[in-house]
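Okay, target.tsv is below, TSV, C-alpha atoms and all ligand atoms:
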```tsv
chain	number	residue	atom	x	y	z
A	1	MET	CA	153.81	110.46	63.01
A	2	ASN	CA	151.20	108.17	61.46
A	3	PRO	CA	149.21	110.20	58.90
A	4	GLY	CA	145.95	108.29	59.51
A	5	LEU	CA	143.27	107.49	56.93
A	6	ASP	CA	140.79	109.97	55.42
A	7	GLU	CA	137.11	109.13	55.66
A	8	SER	CA	135.03	108.95	52.48
A	9	ASN	CA	131.52	108.89	54.00
A	10	ALA	CA	130.75	112.30	52.48
A	11	HIS	CA	131.18	110.81	48.97
A	12	LEU	CA	128.74	107.92	49.38
A	13	GLY	CA	126.20	108.04	46.58
A	14	ASP	CA	128.70	109.62	44.19
A	15	GLY	CA	130.34	106.71	42.36
A	16	LYS	CA	132.57	108.95	40.26
A	17	ALA	CA	134.04	110.68	43.33
A	18	LEU	CA	134.54	107.32	45.06
A	19	TRP	CA	136.38	105.89	42.06
A	20	GLU	CA	138.59	108.97	41.73
A	21	ARG	CA	139.57	108.84	45.40
A	22	TYR	CA	140.17	105.07	45.22
A	23	GLU	CA	142.43	105.45	42.20
A	24	ARG	CA	144.23	108.45	43.70
A	25	ASP	CA	144.72	107.24	47.30
A	26	GLY	CA	144.56	103.46	46.88
A	27	TYR	CA	141.93	103.08	49.60
A	28	LEU	CA	138.54	104.27	50.81
A	29	PHE	CA	137.69	104.32	54.48
A	30	PHE	CA	134.11	104.55	55.73
A	31	ARG	CA	132.92	104.91	59.32
A	32	ASP	CA	129.86	103.03	60.53
A	33	VAL	CA	128.37	101.93	57.20
A	34	LEU	CA	127.84	98.20	57.77
A	35	ASP	CA	125.02	96.58	59.74
A	36	ARG	CA	126.48	96.25	63.24
A	37	GLU	CA	123.94	93.60	64.23
A	38	LYS	CA	125.09	91.37	61.35
A	39	ILE	CA	128.72	91.99	62.33
A	40	ARG	CA	127.90	91.10	65.94
A	41	LYS	CA	126.32	87.82	64.80
A	42	VAL	CA	129.39	86.90	62.70
A	43	ARG	CA	131.62	87.76	65.65
A	44	SER	CA	129.64	85.68	68.16
A	45	ASP	CA	129.52	82.69	65.75
A	46	ILE	CA	133.30	82.90	65.30
A	47	ILE	CA	133.77	83.19	69.06
A	48	SER	CA	131.74	79.94	69.50
A	49	VAL	CA	134.03	78.10	67.09
A	50	LEU	CA	137.13	79.41	68.87
A	51	GLN	CA	135.62	78.41	72.25
A	52	ASP	CA	135.25	74.83	71.00
A	53	TYR	CA	139.04	74.83	70.58
A	54	GLY	CA	139.77	76.44	73.97
A	55	VAL	CA	141.10	79.68	72.43
A	56	ILE	CA	138.44	81.90	74.07
A	57	PRO	CA	137.00	81.22	77.56
A	58	PRO	CA	133.46	79.73	77.59
A	59	GLU	CA	131.93	82.68	79.49
A	60	GLU	CA	132.92	85.30	76.86
A	61	LYS	CA	129.99	85.79	74.50
A	62	ASP	CA	131.01	88.97	72.68
A	63	VAL	CA	134.64	89.85	73.38
A	64	PRO	CA	137.31	87.57	71.88
A	65	VAL	CA	139.51	87.42	74.99
A	66	TRP	CA	142.46	85.06	74.48
A	67	THR	CA	142.92	82.14	76.90
A	68	GLY	CA	146.62	82.02	76.06
A	69	LYS	CA	146.21	78.77	74.13
A	70	GLU	CA	148.56	78.69	71.16
A	71	VAL	CA	147.17	77.32	67.90
A	72	PRO	CA	150.00	76.08	65.69
A	73	ASP	CA	147.74	75.64	62.68
A	74	PHE	CA	144.41	77.45	62.22
A	75	LEU	CA	143.27	75.61	59.08
A	76	GLU	CA	140.74	73.33	60.82
A	77	ILE	CA	139.30	76.26	62.80
A	78	HIS	CA	139.17	78.51	59.74
A	79	THR	CA	137.45	75.78	57.72
A	80	LYS	CA	134.66	75.78	60.32
A	81	ILE	CA	134.46	79.58	60.31
A	82	HIS	CA	134.29	79.68	56.50
A	83	ALA	CA	131.30	77.33	56.67
A	84	LEU	CA	129.29	79.56	59.05
A	85	LYS	CA	126.07	80.87	57.53
A	86	SER	CA	126.47	84.33	59.07
A	87	TYR	CA	130.07	84.54	57.80
A	88	ASP	CA	129.17	83.51	54.26
A	89	GLU	CA	126.18	85.87	54.16
A	90	MET	CA	128.34	88.84	55.12
A	91	ARG	CA	130.01	88.92	51.69
A	92	THR	CA	126.69	89.57	49.98
A	93	SER	CA	125.16	91.81	52.66
A	94	PRO	CA	123.24	94.65	50.99
A	95	ALA	CA	125.07	97.56	52.68
A	96	LEU	CA	128.44	96.18	51.60
A	97	VAL	CA	127.43	95.29	48.04
A	98	ARG	CA	125.76	98.69	47.58
A	99	ILE	CA	129.03	100.50	48.34
A	100	MET	CA	131.11	98.21	46.12
A	101	GLU	CA	128.62	98.65	43.25
A	102	GLN	CA	128.80	102.41	43.65
A	103	LEU	CA	132.59	102.16	43.44
A	104	PHE	CA	132.71	99.94	40.35
A	105	GLY	CA	129.61	101.46	38.77
A	106	VAL	CA	128.40	97.99	37.69
A	107	PRO	CA	127.05	94.80	39.37
A	108	VAL	CA	129.80	93.06	41.33
A	109	TYR	CA	130.87	89.49	42.02
A	110	SER	CA	131.69	88.83	45.66
A	111	TRP	CA	134.41	86.17	45.99
A	112	MET	CA	133.45	83.02	47.83
A	113	ASN	CA	137.10	82.99	48.90
A	114	VAL	CA	136.81	85.17	52.01
A	115	ASP	CA	139.75	85.28	54.44
A	116	VAL	CA	139.16	85.44	58.17
A	117	ARG	CA	141.80	86.83	60.55
A	118	THR	CA	141.91	85.36	64.05
A	119	GLN	CA	145.13	86.97	65.13
A	120	THR	CA	146.16	86.02	68.65
A	121	PRO	CA	148.26	88.43	70.73
A	122	ARG	CA	151.90	88.43	69.71
A	123	MET	CA	151.18	85.95	66.91
A	124	VAL	CA	154.28	85.41	64.80
A	125	PRO	CA	154.58	85.71	61.90
A	126	ILE	CA	151.98	88.35	61.22
A	127	THR	CA	151.14	89.08	57.59
A	128	SER	CA	154.16	90.80	56.04
A	129	ILE	CA	154.06	93.56	53.40
A	130	HIS	CA	152.35	92.44	50.20
A	131	GLN	CA	150.06	93.53	47.37
A	132	ASP	CA	147.02	91.28	46.92
A	133	TYR	CA	147.29	91.67	43.16
A	134	GLN	CA	150.62	89.83	43.36
A	135	VAL	CA	149.43	87.31	45.97
A	136	PHE	CA	146.87	86.13	43.42
A	137	TYR	CA	149.37	86.24	40.56
A	138	ARG	CA	147.74	89.17	38.75
A	139	ALA	CA	145.11	86.98	37.12
A	140	ALA	CA	142.18	89.22	38.11
A	141	ARG	CA	141.61	92.83	39.15
A	142	PHE	CA	139.57	93.34	42.29
A	143	ALA	CA	139.11	95.49	45.39
A	144	ILE	CA	139.39	94.22	48.97
A	145	SER	CA	136.78	95.05	51.57
A	146	TRP	CA	138.60	94.75	54.88
A	147	ILE	CA	135.95	94.42	57.59
A	148	PRO	CA	136.70	94.74	61.31
A	149	LEU	CA	134.47	92.33	63.23
A	150	MET	CA	135.13	94.12	66.55
A	151	ASP	CA	136.53	97.42	67.75
A	152	ILE	CA	140.22	97.36	66.86
A	153	GLY	CA	142.21	99.94	68.80
A	154	ASP	CA	145.93	100.53	68.37
A	155	ASN	CA	146.95	97.66	70.64
A	156	VAL	CA	144.73	95.09	68.85
A	157	GLY	CA	146.55	95.78	65.59
A	158	GLY	CA	144.59	95.85	62.35
A	159	VAL	CA	145.90	96.68	58.93
A	160	ASP	CA	148.50	99.24	57.87
A	161	ILE	CA	148.54	100.49	54.28
A	162	ALA	CA	151.36	102.11	52.27
A	163	LEU	CA	149.88	105.32	50.91
A	164	GLY	CA	150.17	105.65	47.13
A	165	SER	CA	152.08	102.37	46.74
A	166	HIS	CA	149.54	101.17	44.12
A	167	LEU	CA	151.13	103.75	41.81
A	168	SER	CA	154.78	103.14	42.67
A	169	VAL	CA	155.48	99.52	43.71
A	170	THR	CA	156.00	97.02	40.89
A	171	GLU	CA	157.23	93.43	40.44
A	172	ALA	CA	160.79	94.77	40.18
A	173	ASP	CA	160.67	95.90	43.83
A	174	TYR	CA	160.32	92.33	45.10
A	175	GLY	CA	163.59	90.87	46.39
A	176	TRP	CA	164.30	87.87	44.19
A	177	SER	CA	166.81	85.21	45.12
A	178	LYS	CA	167.85	81.77	43.96
A	179	ASP	CA	167.30	80.32	47.44
A	180	ARG	CA	165.02	77.42	48.00
A	181	TYR	CA	162.45	78.47	50.49
A	182	TYR	CA	159.76	76.48	52.17
A	183	THR	CA	157.52	77.86	54.82
A	184	GLY	CA	155.75	74.78	56.12
A	185	ASN	CA	152.12	75.52	56.84
A	186	ALA	CA	152.32	79.02	55.40
A	187	GLY	CA	152.96	77.51	51.95
A	188	ALA	CA	155.01	79.25	49.29
A	189	VAL	CA	155.30	82.99	49.82
A	190	LEU	CA	156.09	85.85	47.49
A	191	PRO	CA	159.61	87.26	47.37
A	192	ALA	CA	160.07	89.98	50.01
A	193	LEU	CA	158.93	93.59	49.72
A	194	THR	CA	160.60	95.97	52.20
A	195	GLU	CA	159.21	98.97	54.06
A	196	ASP	CA	161.69	101.32	52.32
A	197	GLN	CA	160.23	100.44	48.92
A	198	CYS	CA	156.68	101.27	49.98
A	199	GLY	CA	156.86	104.79	51.43
A	200	THR	CA	154.66	105.96	54.28
A	201	PHE	CA	152.32	103.56	56.05
A	202	ALA	CA	149.01	104.72	57.51
A	203	ARG	CA	146.31	103.23	59.69
A	204	THR	CA	143.50	104.25	61.96
A	205	THR	CA	141.51	102.64	64.73
A	206	TYR	CA	138.78	100.46	63.30
A	207	ASN	CA	135.35	99.84	64.80
A	208	ALA	CA	132.69	97.23	64.08
A	209	GLY	CA	130.55	98.76	61.29
A	210	ASP	CA	133.52	100.46	59.57
A	211	LEU	CA	134.77	99.44	56.14
A	212	LEU	CA	138.22	99.82	54.62
A	213	VAL	CA	138.33	99.27	50.85
A	214	ILE	CA	141.88	98.51	49.71
A	215	HIS	CA	143.13	98.78	46.11
A	216	ASP	CA	144.49	95.43	44.88
A	217	LYS	CA	147.89	97.02	44.14
A	218	VAL	CA	148.33	98.78	47.47
A	219	ALA	CA	151.09	97.32	49.65
A	220	HIS	CA	149.80	96.59	53.15
A	221	ARG	CA	150.59	94.50	56.22
A	222	SER	CA	149.19	93.40	59.58
A	223	LEU	CA	150.00	95.33	62.72
A	224	PRO	CA	151.04	93.43	65.85
A	225	ASN	CA	148.39	92.61	68.40
A	226	THR	CA	149.68	93.45	71.88
A	227	SER	CA	146.28	93.27	73.63
A	228	LYS	CA	144.70	90.41	75.57
A	229	LYS	CA	142.17	89.75	72.77
A	230	LEU	CA	142.26	88.03	69.42
A	231	ARG	CA	141.85	90.39	66.47
A	232	LEU	CA	138.86	89.30	64.35
A	233	SER	CA	138.39	90.69	60.83
A	234	MET	CA	137.53	89.45	57.36
A	235	ASP	CA	138.66	90.27	53.81
A	236	VAL	CA	135.99	90.14	51.10
A	237	ARG	CA	137.16	90.67	47.53
A	238	PHE	CA	134.98	92.13	44.79
A	239	GLN	CA	135.26	92.53	41.05
A	240	PRO	CA	132.86	93.52	38.25
A	241	LYS	CA	130.48	90.63	37.62
A	242	ASP	CA	131.22	90.62	33.90
A	243	SER	CA	135.03	90.50	34.33
A	244	PHE	CA	137.11	87.31	34.27
A	245	ILE	CA	136.44	85.48	37.57
A	246	PRO	CA	139.33	83.13	38.35
A	247	TRP	CA	138.86	79.63	39.79
A	248	TYR	CA	140.35	80.49	43.17
A	249	ALA	CA	137.70	83.21	43.71
A	250	LYS	CA	135.02	80.53	43.50
A	251	ILE	CA	136.26	78.24	46.28
A	252	THR	CA	136.58	78.91	50.01
A	253	ALA	CA	139.79	80.34	51.44
A	254	SER	CA	140.35	77.08	53.34
A	255	ASP	CA	140.01	75.03	50.15
A	256	LEU	CA	142.58	77.28	48.45
A	257	GLU	CA	144.85	76.89	51.46
A	258	ARG	CA	144.60	73.08	51.19
A	259	TYR	CA	145.40	73.28	47.48
A	260	ASN	CA	148.45	75.47	48.20
A	261	ARG	CA	149.67	73.11	50.89
A	262	GLU	CA	149.41	70.16	48.57
A	263	LEU	CA	151.34	72.14	45.99
A	264	ASN	CA	153.96	73.03	48.55
A	265	GLU	CA	154.54	69.37	49.38
A	266	GLU	CA	155.06	68.67	45.71
A	267	PHE	CA	157.48	71.59	45.38
A	268	ILE	CA	159.52	70.12	48.21
A	269	ALA	CA	159.38	66.66	46.65
A	270	VAL	CA	160.68	67.85	43.29
A	271	GLY	CA	163.23	70.29	44.82
A	272	ALA	CA	161.84	73.46	43.20
A	273	THR	CA	163.69	76.75	43.64
A	274	GLN	CA	161.99	79.96	44.69
A	275	ASP	CA	161.85	81.12	41.11
A	276	GLN	CA	160.45	77.81	39.88
A	277	ILE	CA	157.79	77.94	42.58
A	278	GLN	CA	156.78	81.42	41.49
A	279	ARG	CA	156.54	80.52	37.81
A	280	THR	CA	154.49	77.40	38.59
A	281	LEU	CA	152.09	79.34	40.81
A	282	TRP	CA	151.81	81.94	38.10
A	283	ARG	CA	150.67	79.27	35.62
A	284	LEU	CA	148.28	77.53	38.00
A	285	PHE	CA	146.66	80.76	39.15
A	286	TRP	CA	146.20	81.97	35.59
A	287	TYR	CA	144.84	78.73	34.28
A	288	GLU	CA	142.57	76.25	35.92
A	289	GLY	CA	144.53	75.22	39.02
A	290	GLY	CA	143.91	71.51	38.62
A	291	GLU	CA	145.85	68.33	39.30
A	292	ILE	CA	149.08	68.28	41.27
A	293	THR	CA	151.46	65.55	40.11
A	294	PRO	CA	155.28	65.49	40.01
A	295	GLU	CA	155.14	65.41	36.17
A	296	ARG	CA	152.87	68.41	35.95
A	297	ILE	CA	154.78	70.47	38.51
A	298	THR	CA	158.11	69.67	36.87
A	299	ARG	CA	156.67	70.68	33.50
A	300	GLU	CA	155.12	73.91	34.80
A	301	MET	CA	158.38	74.84	36.54
A	302	GLN	CA	160.05	75.27	33.15
A	303	HIS	CA	157.71	77.98	31.91
A	304	ARG	CA	158.58	81.63	31.92
A	305	TYR	CA	156.32	84.34	33.17
A	306	PRO	CA	155.65	87.58	31.33
A	307	VAL	CA	156.95	89.86	34.09
A	308	PRO	CA	159.21	88.16	36.62
A	309	PHE	CA	159.52	89.28	40.24
A	310	GLY	CA	162.74	90.97	41.20
A	311	HIS	CA	165.51	92.22	38.97
A	312	SER	CA	164.88	91.80	35.29
A	313	ASP	CA	167.52	89.20	34.44
A	314	ALA	CA	165.76	86.62	36.67
A	315	ASP	CA	164.60	84.73	33.59
A	316	LEU	CA	168.11	84.54	32.16
A	317	THR	CA	169.69	82.78	35.10
A	318	LEU	CA	167.98	79.40	34.85
A	401	LIG	O1	144.04	91.71	58.19
A	401	LIG	C1	145.25	91.55	57.99
A	401	LIG	O2	146.03	91.30	58.90
A	401	LIG	C2	145.81	91.61	56.63
A	401	LIG	C3	144.76	91.85	55.61
A	401	LIG	C4	145.26	91.57	54.24
A	401	LIG	O3	146.39	91.28	54.01
A	401	LIG	C5	144.32	91.66	53.13
A	401	LIG	O4	143.17	92.07	53.34
A	401	LIG	O5	144.73	91.32	52.03
```
Can you give me the file's structure in the form of structure tokens?
Amino acid sequence: MNPGLDESNAHLGDGKALWERYERDGYLFFRDVLDREKIRKVRSDIISVLQDYGVIPPEEKDVPVWTGKEVPDFLEIHTKIHALKSYDEMRTSPALVRIMEQLFGVPVYSWMNVDVRTQTPRMVPITSIHQDYQVFYRAARFAISWIPLMDIGDNVGGVDIALGSHLSVTEADYGWSKDRYYTGNAGAVLPALTEDQCGTFARTTYNAGDLLVIHDKVAHRSLPNTSKKLRLSMDVRFQPKDSFIPWYAKITASDLERYNRELNEEFIAVGATQDQIQRTLWRLFWYEGGEITPERITREMQHRYPVPFGHSDADLTL
């Protein structure tokens, strides 16, 4: 049976209690704390963009019903969504920032890099198990505010989190292999993390106005959408304002996606292995990102990383 998520509304206003629960459970879940009118505006602006591409019928103003149109590549659509005023303003909305500042106990920086999810029914692949801390190559520490932009019942999907995995799952749990792996539009992905390594997964039903704060080391994944609607949600990441803010936090999610795609093409061109891809991404995420040339990628591929993914002799096998 799914254990569900505990609500933390009773602890609002008590930063110490929020931090203790966040560190202990790896998440905080709040019911009805965000401005539903602002959420409705973001949702209807996103629906308009999706209507321009024939993904939602023109008569639907508030419910993201799917027309059945498949979208092989969402980058153009997501670029338009990332540029929406209502979408960008959501990341600094007072109700959200107030909660994140209570949690951190200091002023926070809200990443410009905000992911949108426009998950169509039966979309494959859905986001597999990962820890965001690893996705961003451990260069910064942050918390994720996962924001449902609509009511998300069991059949619409949502997010599923592995309870306590922030305390148990490490780099060594990632399946490392010498295979070359290219994922086309999805870019380079992390080595795999399996369900067995993560323990028990939990979720709830999410409504517009709710907020799920996820620890950056908690393993989580998307749930399948078996409804007739798209699932709309956004991920806003926060960190203390005076901490190191990496370059990829200060660009939009679509600009980072374009950068990663360009990188991926170069990886293919130079014939990088999975391990070489990971060590290059490690370097570029820790440093300035910057130019992508065959010479640079080939040079970066040779570097070692402090803690490799997978079993510990990965660095010895080059
Ligand atoms: O919304 C989803 O499907 C996944 C969310 C996620 O992976 C994240 O917030 O990092």
Task: Selection within 10 Å of ligand LIG 401 (chain A) by all atoms listed in the file, output as a PyMOL selection string - done: chain A and resi 114-119+126-133+135+143-148+157-161+212-216+218-225+231-237
TODO: Place a sphere of radius 12 Å on (136.8, 74.9, 71.9) in the file coordinates and name every protein, DNA or RNA residue with an atom inside or on its surface, counting all atoms listed in the file; give the answer as an MDAnalysis selection string.
DONE: chainID A and resid 46:59 66:67 69 71 76:77 80
Open item on the list: Using only C-alpha atoms, can you tell me which of A:Val307, A:Lys229, A:Thr204, A:Phe30 comes closest to Met100 of chain A?
Closed with: A:Phe30
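Between atom CA of Ala139 of chain A and atom CA of Phe285 of chain A lies a distance of 6.7 Å.
For the point (140.4, 87.2, 36.3), the residues with an atom at a distance of at most 10 Å are Phe136, Tyr137, Arg138, Ala139, Ala140, Arg141, Phe142, Gln239, Ser243, Phe244, Ile245, Pro246, Trp247, Tyr248, Ala249, Phe285, Trp286 and Tyr287 of chain A, counting all atoms listed in the file.
Closest approach to Asp25 of chain A among A:Ala83, A:Met123, A:Ala162, A:Val65 is made by A:Ala162 (distances from all atoms listed in the file).
Interatomic distance, atom CA of Arg304 of chain A against atom CA of Gly290 of chain A: 19.0 Å.
When all atoms listed in the file are used to measure the gap to Asn155 of chain A, the shortest distance among A:Ile99, A:Pro121, A:Thr226, A:Ser168 belongs to A:Thr226.
Here the question is which of A:Leu34, A:Ile39, A:Leu149, A:Ala208 gets nearest to Pro94 of chain A using all atoms listed in the file, and that residue is A:Leu34.
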TODO: Compile the contact shell of Lys41 of chain A as JSON, numbers by chain: residues with an atom at most 12 Å away, counting all atoms listed in the file, same-chain residues fewer than 5 positions apart removed.
DONE: {"A": [35, 36, 46, 47, 48, 61, 62, 84, 85, 86, 87, 88, 89, 90, 149, 150, 208]}
